[in-house]
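Below is model-v1.cif, which holds mmCIF, C-alpha atoms.
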data_run
loop_
_atom_site.label_atom_id
_atom_site.label_comp_id
_atom_site.auth_asym_id
_atom_site.auth_seq_id
_atom_site.Cartn_x
_atom_site.Cartn_y
_atom_site.Cartn_z
CA MET W 274 -13.11 10.95 21.39
CA PRO W 275 -10.26 9.27 23.28
CA SER W 276 -6.67 10.06 22.46
CA PRO W 277 -4.84 7.45 20.33
CA SER W 278 -2.78 6.30 23.31
CA THR W 279 -5.85 5.86 25.49
CA PHE W 280 -7.64 4.08 22.67
CA TYR W 281 -4.74 1.69 22.12
CA GLN W 282 -4.57 0.85 25.81
CA SER W 283 -8.28 -0.01 25.74
CA LEU W 284 -7.55 -2.75 23.22
CA ARG W 285 -5.63 -4.71 25.82
CA VAL W 286 -8.84 -5.80 27.57
CA PRO W 287 -10.47 -9.06 26.43
CA VAL W 288 -12.02 -8.95 22.95
CA ARG W 289 -15.44 -10.02 24.24
CA ASP W 290 -15.67 -6.79 26.24
CA LEU W 291 -15.14 -4.69 23.12
CA ARG W 292 -17.69 -6.03 20.66
CA PRO W 293 -20.17 -3.21 20.15
CA PRO W 294 -23.27 -5.35 19.47
CA ALA W 295 -24.23 -7.80 22.21
CA ASP W 296 -24.70 -10.57 19.65
CA GLY W 297 -21.06 -10.41 18.56
CA ARG W 298 -21.70 -9.84 14.85
CA LEU W 299 -18.15 -8.65 14.26
CA GLN W 300 -16.68 -11.81 15.77
CA ARG W 301 -18.93 -14.10 13.75
CA LEU W 302 -18.30 -12.08 10.60
CA LEU W 303 -14.51 -12.22 10.88
CA THR W 304 -14.44 -15.89 11.87
CA GLY W 305 -16.67 -16.81 8.94
CA LEU W 306 -14.69 -14.82 6.40
CA ALA W 307 -11.35 -16.18 7.64
CA HIS W 308 -12.68 -19.72 7.23
CA LYS W 309 -14.12 -18.95 3.78
CA HIS W 310 -10.81 -17.58 2.47
CA GLY W 311 -8.47 -19.98 4.26
CA VAL W 312 -6.80 -17.21 6.28
CA PRO W 313 -5.11 -18.73 9.38
CA ALA W 314 -5.43 -15.62 11.55
CA ALA W 315 -6.90 -12.13 11.40
CA GLN W 316 -7.70 -9.10 13.55
CA LEU W 317 -10.43 -6.50 13.05
CA VAL W 318 -11.04 -3.18 14.77
CA VAL W 319 -14.00 -0.93 13.95
CA HIS W 320 -14.32 2.52 15.53
CA ASP W 321 -17.58 4.34 14.74
CA GLY W 322 -19.08 7.31 16.52
CA GLY W 323 -16.99 6.91 19.66
CA ARG W 324 -17.77 3.20 19.93
CA THR W 325 -15.11 0.56 19.31
CA GLY W 326 -15.53 -3.08 18.36
CA SER W 327 -12.82 -5.69 17.92
CA ALA W 328 -12.54 -9.32 16.90
CA THR W 329 -9.85 -11.91 16.22
CA ALA W 330 -9.81 -15.13 14.22
CA GLY W 331 -7.34 -17.96 14.67
CA GLU W 332 -4.90 -18.70 17.46
CA ILE W 333 -3.73 -15.14 18.11
CA THR W 334 -4.32 -12.30 20.55
CA ALA W 335 -5.47 -8.75 19.81
CA ALA W 336 -1.89 -7.57 20.41
CA ALA W 337 -0.23 -9.88 17.83
CA LYS W 338 1.82 -8.09 15.16
CA PHE W 339 1.30 -8.75 11.43
CA PRO W 340 3.79 -7.72 8.70
CA ALA W 341 1.96 -4.67 7.35
CA GLY W 342 3.82 -4.27 4.07
CA SER W 343 3.22 -0.97 2.32
CA ILE W 344 1.10 0.50 5.12
CA THR W 345 4.58 1.25 6.49
CA LYS W 346 4.75 3.99 3.84
CA ALA W 347 1.93 5.92 5.55
CA PHE W 348 3.91 5.82 8.82
CA THR W 349 7.11 6.91 7.05
CA ALA W 350 5.20 9.78 5.46
CA ALA W 351 3.88 10.82 8.88
CA LEU W 352 7.43 10.71 10.22
CA ALA W 353 8.53 13.06 7.43
CA MET W 354 5.61 15.38 8.24
CA LEU W 355 6.79 15.56 11.85
CA LEU W 356 10.08 16.93 10.53
CA VAL W 357 8.09 19.44 8.47
CA ALA W 358 6.29 20.48 11.67
CA ASP W 359 9.66 21.10 13.35
CA GLY W 360 10.89 23.20 10.42
CA ASP W 361 13.66 20.74 9.55
CA LEU W 362 12.14 19.68 6.23
CA ASP W 363 10.09 21.40 3.53
CA PRO W 364 7.79 19.31 1.30
CA ASP W 365 9.22 21.09 -1.74
CA ASP W 366 12.83 20.22 -0.93
CA PRO W 367 14.41 18.09 -3.70
CA LEU W 368 15.77 14.77 -2.48
CA ALA W 369 19.27 15.83 -3.52
CA GLU W 370 19.16 18.67 -0.99
CA HIS W 371 19.33 16.13 1.84
CA LEU W 372 21.01 13.11 0.26
CA ASP W 373 24.45 13.19 -1.34
CA GLY W 374 25.44 10.90 -4.17
CA LEU W 375 22.08 10.47 -5.89
CA GLY W 376 22.14 10.32 -9.67
CA PRO W 377 21.12 13.46 -11.61
CA GLN W 378 17.65 12.02 -12.27
CA VAL W 379 16.81 10.43 -8.90
CA GLY W 380 17.79 13.56 -6.97
CA ARG W 381 15.28 15.79 -8.81
CA PRO W 382 11.90 14.82 -7.27
CA THR W 383 10.73 16.78 -4.25
CA VAL W 384 9.61 15.23 -0.97
CA ARG W 385 6.03 16.22 -1.85
CA GLN W 386 6.26 14.40 -5.18
CA VAL W 387 7.86 11.34 -3.64
CA LEU W 388 5.21 11.01 -0.92
CA SER W 389 2.42 11.27 -3.51
CA HIS W 390 4.14 8.84 -5.93
CA THR W 391 4.38 11.60 -8.56
CA GLY W 392 8.18 11.81 -8.47
CA GLY W 393 8.62 9.59 -11.52
CA LEU W 394 10.88 7.17 -9.63
CA PRO W 395 10.97 3.48 -10.59
CA ALA W 396 8.99 0.97 -8.55
CA GLY W 397 12.15 -0.74 -7.29
CA LEU W 398 15.85 -1.28 -7.97
CA GLY W 399 15.61 -5.05 -8.35
CA ALA W 400 18.87 -6.96 -7.96
CA ALA W 401 20.73 -3.76 -7.11
CA ALA W 402 18.54 -3.30 -4.03
CA GLU W 403 18.86 -6.94 -2.98
CA GLY W 404 22.62 -6.51 -2.74
CA ALA W 405 22.38 -3.20 -0.87
CA GLY W 406 22.75 -4.04 2.79
CA SER W 407 23.20 -0.43 3.86
CA ALA W 408 21.92 3.04 3.06
CA ARG W 409 25.21 3.97 1.42
CA ARG W 410 25.06 1.01 -0.96
CA TYR W 411 21.40 1.66 -1.76
CA LEU W 412 22.12 5.30 -2.54
CA ARG W 413 25.03 4.20 -4.72
CA ALA W 414 22.64 1.91 -6.62
CA CYS W 415 20.40 4.93 -7.23
CA ARG W 416 23.14 6.74 -9.14
CA ASP W 417 22.47 4.86 -12.35
CA ALA W 418 18.69 4.70 -11.95
CA GLY W 419 16.57 6.71 -14.35
CA LEU W 420 13.07 8.11 -14.06
CA VAL W 421 9.95 6.43 -15.40
CA GLN W 422 8.50 9.85 -16.24
CA PRO W 423 9.32 13.49 -15.41
CA PRO W 424 8.63 14.51 -11.78
CA GLY W 425 5.12 15.85 -11.33
CA GLN W 426 3.81 14.40 -14.61
CA GLY W 427 1.62 11.69 -13.09
CA PHE W 428 1.24 8.85 -10.60
CA SER W 429 3.55 5.84 -10.56
CA TYR W 430 3.78 3.81 -7.34
CA SER W 431 7.37 3.63 -6.09
CA ASN W 432 9.07 1.81 -3.24
CA VAL W 433 12.29 3.62 -4.10
CA GLY W 434 10.81 6.98 -3.18
CA TYR W 435 9.87 5.83 0.31
CA VAL W 436 13.21 4.18 0.91
CA LEU W 437 14.84 7.51 0.04
CA THR W 438 12.38 9.33 2.34
CA GLY W 439 13.54 7.07 5.14
CA TYR W 440 17.13 8.03 4.44
CA VAL W 441 16.14 11.73 4.45
CA VAL W 442 14.74 11.15 7.96
CA GLU W 443 18.03 9.60 9.01
CA ALA W 444 20.07 12.44 7.50
CA ILE W 445 18.04 15.09 9.36
CA THR W 446 17.58 13.40 12.74
CA GLY W 447 20.89 11.58 13.08
CA MET W 448 18.90 8.50 14.11
CA SER W 449 18.26 5.33 12.18
CA TRP W 450 14.82 5.03 10.58
CA TRP W 451 13.91 2.44 13.23
CA GLU W 452 14.97 4.71 16.11
CA ALA W 453 13.16 7.71 14.64
CA MET W 454 10.02 5.67 13.99
CA ASP W 455 9.96 4.43 17.59
CA ALA W 456 10.86 7.68 19.33
CA LEU W 457 9.01 10.26 17.23
CA LEU W 458 5.85 8.44 16.15
CA LEU W 459 5.12 4.99 17.57
CA ASP W 460 5.87 5.83 21.21
CA GLU W 461 3.70 8.94 20.93
CA LEU W 462 0.81 6.81 19.69
CA GLY W 463 1.27 4.18 22.40
CA ILE W 464 2.37 1.57 19.85
CA ASP W 465 5.02 -1.01 20.73
CA GLY W 466 7.30 -1.05 17.70
CA ALA W 467 7.83 -4.32 15.83
CA PHE W 468 9.65 -4.74 12.54
CA VAL W 469 10.10 -7.43 9.89
CA VAL W 470 13.78 -6.58 9.46
CA GLU W 471 16.12 -4.71 11.80
CA PRO W 472 19.80 -3.86 11.64
CA GLY W 473 22.60 -5.20 13.79
CA ALA W 474 21.94 -5.09 17.53
CA ARG W 475 18.21 -4.38 17.05
CA ARG W 476 17.51 -7.80 15.56
CA ARG W 477 14.87 -9.77 17.41
CA THR W 478 13.00 -13.00 16.69
CA GLY W 479 9.35 -13.84 17.06
CA ALA W 480 8.27 -10.20 16.86
CA HIS W 481 5.51 -10.91 14.33
CA VAL W 482 3.25 -13.69 13.10
CA SER W 483 4.17 -15.67 9.99
CA GLY W 484 2.58 -14.96 6.63
CA HIS W 485 1.01 -17.82 4.69
CA ALA W 486 0.61 -18.70 1.02
CA VAL W 487 -2.93 -20.03 0.64
CA HIS W 488 -3.60 -22.47 -2.22
CA ALA W 489 -6.64 -21.19 -4.13
CA ALA W 490 -8.00 -24.66 -4.95
CA THR W 491 -7.32 -26.65 -1.76
CA GLY W 492 -7.31 -23.83 0.81
CA ARG W 493 -4.12 -25.17 2.35
CA ALA W 494 -1.93 -22.54 4.00
CA ARG W 495 1.86 -22.78 3.90
CA PRO W 496 4.06 -20.51 6.07
CA VAL W 497 6.35 -18.21 4.12
CA ALA W 498 9.35 -16.13 5.17
CA GLN W 499 9.56 -12.36 4.82
CA THR W 500 11.97 -11.30 2.07
CA LEU W 501 12.21 -7.52 2.57
CA THR W 502 15.80 -6.28 2.73
CA THR W 503 17.07 -4.11 5.58
CA ALA W 504 17.91 -1.33 3.12
CA GLU W 505 14.24 -1.09 2.08
CA ALA W 506 12.78 -0.99 5.60
CA ALA W 507 11.14 2.45 5.29
CA ALA W 508 8.92 1.14 2.49
CA GLY W 509 7.56 -1.95 4.24
CA ALA W 510 9.19 -3.15 7.48
CA LEU W 511 6.55 -2.39 10.13
CA ALA W 512 4.65 -5.21 11.86
CA LEU W 513 1.39 -3.97 13.38
CA SER W 514 -1.80 -5.14 15.03
CA ALA W 515 -5.22 -3.94 13.92
CA GLY W 516 -5.25 -1.92 17.14
CA ASP W 517 -2.00 -0.23 16.12
CA LEU W 518 -3.52 0.66 12.75
CA ALA W 519 -6.64 2.05 14.43
CA ALA W 520 -4.53 4.18 16.80
CA PHE W 521 -2.68 5.61 13.80
CA GLY W 522 -5.96 6.19 11.97
CA LEU W 523 -7.46 8.11 14.89
CA MET W 524 -4.65 10.64 14.56
CA PHE W 525 -6.41 11.82 11.37
CA CYS W 526 -9.74 12.17 13.17
CA GLY W 527 -8.65 15.02 15.42
CA GLY W 528 -7.21 12.83 18.17
CA ASP W 529 -4.35 13.89 20.44
CA GLY W 530 -1.55 12.61 18.23
CA PRO W 531 1.92 14.00 17.56
CA LEU W 532 1.07 15.26 14.07
CA PRO W 533 -0.42 18.78 13.83
CA ALA W 534 -3.93 18.86 12.36
CA HIS W 535 -2.99 20.89 9.27
CA LEU W 536 -0.27 18.38 8.34
CA ALA W 537 -2.59 15.44 8.96
CA GLU W 538 -5.01 17.09 6.54
CA LEU W 539 -2.19 17.68 4.04
CA MET W 540 -1.28 13.99 4.10
CA ARG W 541 -4.75 12.97 2.96
CA ARG W 542 -5.50 15.92 0.62
CA PRO W 543 -5.63 14.63 -3.00
CA VAL W 544 -2.71 15.75 -5.15
CA PRO W 545 -3.80 17.11 -8.56
CA GLY W 546 -2.73 14.82 -11.39
CA ALA W 547 -2.16 11.79 -9.16
CA GLU W 548 -4.31 9.07 -10.76
CA PRO W 549 -3.57 5.79 -8.97
CA PHE W 550 -5.52 3.54 -11.34
CA GLY W 551 -5.79 0.05 -9.91
CA LEU W 552 -5.05 1.15 -6.33
CA ALA W 553 -7.29 3.99 -5.16
CA ASP W 554 -9.40 6.96 -6.27
CA ALA W 555 -6.84 9.60 -5.25
CA TRP W 556 -3.53 10.04 -3.44
CA GLY W 557 -2.18 12.57 -0.97
CA LEU W 558 1.18 12.82 0.80
CA GLY W 559 1.36 9.26 2.09
CA LEU W 560 -2.34 8.34 2.20
CA ALA W 561 -4.67 7.08 -0.50
CA GLY W 562 -8.19 8.39 -1.07
CA TYR W 563 -11.31 6.21 -1.38
CA ARG W 564 -14.86 7.23 -2.23
CA GLY W 565 -17.58 6.34 0.25
CA ALA W 566 -21.35 6.67 0.13
CA ASP W 567 -21.49 9.63 2.52
CA ALA W 568 -17.87 10.78 2.84
CA ASP W 569 -14.39 10.48 1.37
CA TRP W 570 -12.21 8.01 3.26
CA THR W 571 -8.44 7.83 3.45
CA GLY W 572 -6.01 5.03 4.32
CA HIS W 573 -3.60 2.52 2.82
CA ASP W 574 -3.35 -1.16 1.92
CA GLY W 575 -0.33 -3.34 2.59
CA THR W 576 0.79 -6.71 1.25
CA ALA W 577 3.87 -8.45 2.63
CA ASP W 578 4.92 -12.07 2.06
CA GLY W 579 1.73 -13.99 2.84
CA THR W 580 -0.08 -11.11 4.58
CA SER W 581 -2.68 -8.52 3.61
CA CYS W 582 -3.55 -5.54 5.83
CA HIS W 583 -5.97 -2.65 5.31
CA LEU W 584 -6.73 0.70 6.95
CA ARG W 585 -9.63 3.06 6.21
CA VAL W 586 -10.34 6.35 7.98
CA ASP W 587 -13.29 8.74 7.68
CA PRO W 588 -12.05 11.89 9.47
CA GLU W 589 -15.36 13.72 8.99
CA HIS W 590 -17.33 11.24 11.08
CA GLY W 591 -14.51 9.81 13.22
CA ARG W 592 -14.71 6.32 11.73
CA VAL W 593 -11.83 3.85 11.44
CA VAL W 594 -11.71 0.29 10.08
CA ALA W 595 -8.50 -1.75 10.44
CA LEU W 596 -7.90 -5.33 9.30
CA THR W 597 -4.81 -7.53 9.54
CA THR W 598 -4.55 -11.01 8.00
CA ASN W 599 -1.73 -13.52 7.62
CA GLY W 600 -2.90 -15.20 4.43
CA SER W 601 -2.28 -14.38 0.77
CA THR W 602 -6.07 -14.45 0.29
CA GLY W 603 -6.53 -11.64 2.82
CA SER W 604 -7.34 -9.10 0.10
CA ALA W 605 -10.35 -11.19 -0.95
CA LEU W 606 -11.40 -11.36 2.71
CA TRP W 607 -11.18 -7.55 2.83
CA THR W 608 -13.45 -7.20 -0.21
CA ASP W 609 -16.09 -9.37 1.43
CA LEU W 610 -15.67 -7.54 4.74
CA VAL W 611 -16.27 -4.14 3.13
CA ALA W 612 -19.46 -5.45 1.52
CA ALA W 613 -20.66 -6.90 4.84
CA LEU W 614 -19.94 -3.71 6.80
CA ARG W 615 -21.72 -1.62 4.19
CA ALA W 616 -24.75 -3.91 4.41
CA ASP W 617 -24.67 -3.45 8.18
CA GLY W 618 -24.80 0.35 7.85
CA LEU W 619 -21.11 1.35 7.85
CA PRO W 620 -20.35 2.81 4.37
CA VAL W 621 -16.63 2.00 4.26
CA GLY W 622 -14.81 3.75 1.44
CA ASP W 623 -12.99 1.46 -0.97
CA TYR W 624 -11.68 1.49 -4.52
CA GLU W 625 -13.99 0.09 -7.17
CA LEU W 626 -12.36 -1.33 -10.29
CA PRO W 627 -14.34 -1.41 -13.55
CA ARG W 628 -16.93 -4.16 -13.36
CA ASP W 629 -18.23 -4.47 -16.94
CA LEU W 630 -15.70 -7.16 -17.81
CA ASP W 631 -18.19 -8.93 -20.04
CA ARG W 632 -18.01 -5.95 -22.43
CA ALA W 633 -14.29 -6.40 -23.06
CA ALA W 634 -13.26 -6.65 -26.72
CA ARG W 635 -10.14 -7.71 -28.57
CA PRO W 636 -7.71 -4.83 -29.11
CA ALA W 637 -8.28 -3.10 -32.44
CA ALA W 638 -4.76 -1.65 -32.42
CA ASP W 639 -1.41 -3.35 -32.08
CA LEU W 640 -0.32 -3.01 -28.44
CA SER W 641 2.47 -5.57 -28.61
CA GLY W 642 5.81 -4.72 -27.14
CA ARG W 643 7.88 -4.55 -23.98
CA TYR W 644 6.78 -2.22 -21.18
CA THR W 645 9.34 -1.51 -18.44
CA ASN W 646 9.58 0.25 -15.08
CA GLY W 647 13.13 -0.14 -13.80
CA ASP W 648 13.69 -3.90 -13.78
CA LEU W 649 9.92 -4.55 -13.81
CA GLU W 650 8.82 -5.83 -17.21
CA TYR W 651 5.51 -6.56 -18.89
CA GLN W 652 5.33 -8.14 -22.35
CA VAL W 653 2.27 -7.86 -24.60
CA ASP W 654 2.24 -10.48 -27.37
CA VAL W 655 -0.16 -11.13 -30.23
CA ARG W 656 -0.48 -14.88 -30.83
CA ALA W 657 -0.98 -16.70 -34.15
CA ASP W 658 -4.74 -16.94 -33.61
CA GLY W 659 -4.97 -13.17 -33.16
CA GLY W 660 -5.41 -13.35 -29.41
CA THR W 661 -3.37 -11.01 -27.19
CA VAL W 662 -1.64 -12.09 -23.96
CA LEU W 663 0.16 -10.31 -21.14
CA VAL W 664 3.34 -11.92 -19.80
CA VAL W 665 4.56 -10.86 -16.34
CA ASP W 666 7.78 -12.46 -15.08
CA GLY W 667 7.18 -15.45 -17.36
CA GLU W 668 3.57 -15.98 -16.24
CA VAL W 669 1.06 -15.78 -19.09
CA TYR W 670 -2.24 -13.94 -18.63
CA PRO W 671 -4.31 -14.88 -21.71
CA GLU W 672 -7.15 -13.16 -23.57
CA LEU W 673 -6.14 -9.54 -23.05
CA ALA W 674 -9.21 -7.47 -23.91
CA LEU W 675 -9.92 -3.74 -23.85
CA LEU W 676 -12.52 -1.94 -21.74
CA ARG W 677 -13.30 1.79 -21.67
CA ASP W 678 -10.67 4.52 -21.18
CA GLY W 679 -7.77 2.23 -22.04
CA ALA W 680 -8.41 -0.26 -19.23
CA PHE W 681 -7.86 -3.91 -20.06
CA SER W 682 -8.76 -7.26 -18.57
CA VAL W 683 -7.01 -10.65 -18.73
CA ARG W 684 -7.68 -14.20 -17.59
CA GLU W 685 -6.14 -15.11 -14.22
CA PRO W 686 -3.89 -18.15 -14.82
CA GLY W 687 -4.82 -20.05 -11.66
CA THR W 688 -8.60 -19.60 -11.67
CA GLY W 689 -9.51 -18.60 -15.21
CA ARG W 690 -11.44 -15.62 -13.84
CA ARG W 691 -11.42 -12.44 -15.88
CA ILE W 692 -9.66 -9.71 -13.89
CA ILE W 693 -8.47 -6.14 -14.46
CA GLY W 694 -4.88 -6.12 -15.68
CA GLY W 695 -4.31 -2.37 -15.86
CA ARG W 696 -4.71 0.35 -18.46
CA PHE W 697 -2.84 1.59 -21.52
CA LEU W 698 -1.73 5.25 -21.65
CA THR W 699 -1.43 7.28 -24.83
CA ASP W 700 0.99 10.01 -25.80
CA PRO W 701 -1.05 13.25 -26.07
CA ALA W 702 1.13 14.44 -28.94
CA THR W 703 0.81 11.36 -31.13
CA GLY W 704 -2.26 9.55 -29.83
CA THR W 705 -0.35 6.25 -29.79
CA VAL W 706 0.01 3.94 -26.79
CA SER W 707 3.23 4.88 -24.99
CA ALA W 708 2.90 3.19 -21.60
CA MET W 709 0.98 0.81 -19.39
CA GLN W 710 -0.19 1.38 -15.81
CA ALA W 711 -0.51 -1.85 -13.82
CA GLY W 712 -0.85 -1.97 -10.04
CA GLY W 713 -0.43 1.80 -10.05
CA ARG W 714 3.02 1.51 -11.66
CA VAL W 715 3.70 3.13 -15.02
CA ALA W 716 5.75 0.99 -17.42
CA ARG W 717 7.07 2.68 -20.57
CA ARG W 718 6.73 1.02 -23.96
CA ARG W 719 10.30 0.35 -25.07
CA ARG W 720 9.98 -1.45 -28.38
CA HIS W 721 7.25 -2.50 -30.76
CA ALA W 722 6.91 -5.93 -32.29
CA SER W 723 6.70 -6.12 -36.05
#
When written as structure tokens, how does the structure in this file appear?
Amino acid sequence: MPSPSTFYQSLRVPVRDLRPPADGRLQRLLTGLAHKHGVPAAQLVVHDGGRTGSATAGEITAAAKFPAGSITKAFTAALAMLLVADGDLDPDDPLAEHLDGLGPQVGRPTVRQVLSHTGGLPAGLGAAAEGAGSARRYLRACRDAGLVQPPGQGFSYSNVGYVLTGYVVEAITGMSWWEAMDALLLDELGIDGAFVVEPGARRRTGAHVSGHAVHAATGRARPVAQTLTTAEAAAGALALSAGDLAAFGLMFCGGDGPLPAHLAELMRRPVPGAEPFGLADAWGLGLAGYRGADADWTGHDGTADGTSCHLRVDPEHGRVVALTTNGSTGSALWTDLVAALRADGLPVGDYELPRDLDRAARPAADLSGRYTNGDLEYQVDVRADGGTVLVVDGEVYPELALLRDGAFSVREPGTGRRIIGGRFLTDPATGTVSAMQAGGRVARRRRHAS
């Protein structure tokens, strides 16, 4: 198997020279799916058994950079693991050991808990983060932040934890997160660094393609700007090509990357008690776990403003699938792509949400109330006709209905389709509903309607 750097360099040759089948099935597949879902541009890299195939759709090259959103977290986790390899960081160090000024709650979680989203930290800081243009201001905003649940109790997806991990990297290395990411990880993988936001003198323009909001009914795509703040860069600022993602993925397949093999394995090893309902089947220290037909896969998904990117890695068989798209419908494209690759003999691991939506029933118990995670709020209301609705940021999702194991479905406002909304969690001591988990984020029930 080639080293990640050698592999990345191979992607610079014309795409037509890289398609594994002579008939160009990958190219036709990606072009067709991009057209179906109204995605302006996309890249696909498939590495299987030492053979690599690549395709692009739209007016882009194989080297174009796409805002990768939360896939950045996997890179930030790898950066932290490099510090573990050097003996400068221990996964069981509390955040407060490396960062001064954190509140008494936010400083408690360990690096291990933060990387596995079991630290109990809120999903975000909301308006406080938007006004934090520097690490110092962001850390100051954390002083008054509380925990969603005790550290180590369970999974709750958190951007805050990864922002703080980025600041831990800065505190240890003396470099900015951007400098450390370039020098310690990206350069070693042969990846030219590109970022959605950069501080001061590092600011560049035209470093990545634009995301697009795609209208579900008309298919029209409208360019949108990236809204990530500089202070939150470590949670979502990377812009990457599918080739970049594949080079990173190969590091977990025994390639010659900067991360020692035992730490690469630690990153993908499932953490007990981490149940990322709605996102994945398991979670390690920076990487999600996905069940496949013949092996467990690892990887991460990322959604930025108008983009959707996906990485899957099967270390056992040396298989990598990487997709970048610059349309808000890219996640639907990914779902179709996984199905097509499976039909073609590549059993890509992916998360399967409950499918028996037709068996959903009206809630027998009163679930009404306000469920909060930091400034994130969900409202469950029982209407006059007895129907239950979920309200998220003022948008109403009607016909809330229960499935098995506390999962619930709702009607999607734009399409009317029935979709999974999340699941309700019960207090083991009382047996009553005490929280909701939606998009992997736990929101605590704060008050009950009469």
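Comparing the minimum interatomic distances between W:Leu355 and each of W:Asp554, W:Glu548, W:Asp373, W:Glu461, counting all atoms listed in the file, we find that W:Glu461 sits nearest.
The smallest atom-to-atom distance between W:Ala605 and any of W:Val487, W:Pro424, W:Arg714, W:Thr503, using only C-alpha atoms, is found for W:Val487.
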- Message: Using Å and a single decimal, report how far atom CA of W:Gly622 sits from atom CA of W:Leu606.
- Response: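 Separation of atom CA of W:Leu606 and atom CA of W:Gly622: 15.5 Å.
Here atom CA of W:His371 is placed at a distance of 20.5 Å from atom CA of W:Ala347.
In this comparison, which uses all atoms listed in the file, the residue of W:His310, W:Gln300, W:Gly528, W:Ala537 approaching W:Thr608 most closely is W:His310.
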- Considering all atoms listed in the file, state which residue in the set W:Ala520, W:Ala335, W:Ile445, W:Val715 is at the smallest distance from W:Pro423.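 Closest to W:Pro423, using all atoms listed in the file: W:Val715.
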- Query: Can you list, as a PyMOL selection string, every protein, DNA or RNA residue that comes within 6 Å of W:Tyr644 when you count only C-alpha atoms, leaving out same-chain residues fewer than 3 positions away?
  - Reply: chain W and resi 650-651+716-719
- Task: Extract, using all atoms listed in the file, all DNA, RNA and protein residues at most 7 Å from stretch 362-367 of chain W, discarding same-chain residues fewer than 3 positions from it, and format them as a PyMOL selection string.
- Result: chain W and resi 356-357+370+380-385
- Message: For the provided coordinates, the residues matched by the PyMOL selection byres ((chain W and resi 315) around 6) should be stated as a PyMOL selection string.
- Response: chain W and resi 314+316+329-330+597-598
- Which residues, written as a list in words, have at least one atom at most 12 Å from W:Ala444, with all atoms listed in the file counted and residues fewer than 5 positions away on the same chain left out?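 Everything that qualifies: Ala353, Leu356, Asp361, Leu362, Leu368, Ala369, Glu370, His371, Leu372, Asp373, Ala408, Arg409, Leu437, Thr438, Gly439, Ser449, Trp450 and Ala453 of chain W.
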- So how many Å separate atom CA of W:Phe348 and atom CA of W:Pro472, to one decimal? 18.8 Å
- Given the PyMOL selection byres ((chain W and resi 576-584) around 6), the residues it picks as a PyMOL selection string: chain W and resi 341-342+484-486+499+572-575+585+594-601+603-604
- Message: Expand the PyMOL selection byres ((chain W and resi 659-670) around 10) into the explicit residue set it covers here, and present it as a ChimeraX atom specification.
- Response: /W:635-636,639-643,649-658,671-674,682-687,689,691-692,694
- Go through W:Ser343, W:Ser429, W:Thr602, W:Thr705 and flag the residue nearest W:Gly393, using all atoms listed in the file for the distances.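 Answer, going by the shortest atom-to-atom distance: W:Ser429.
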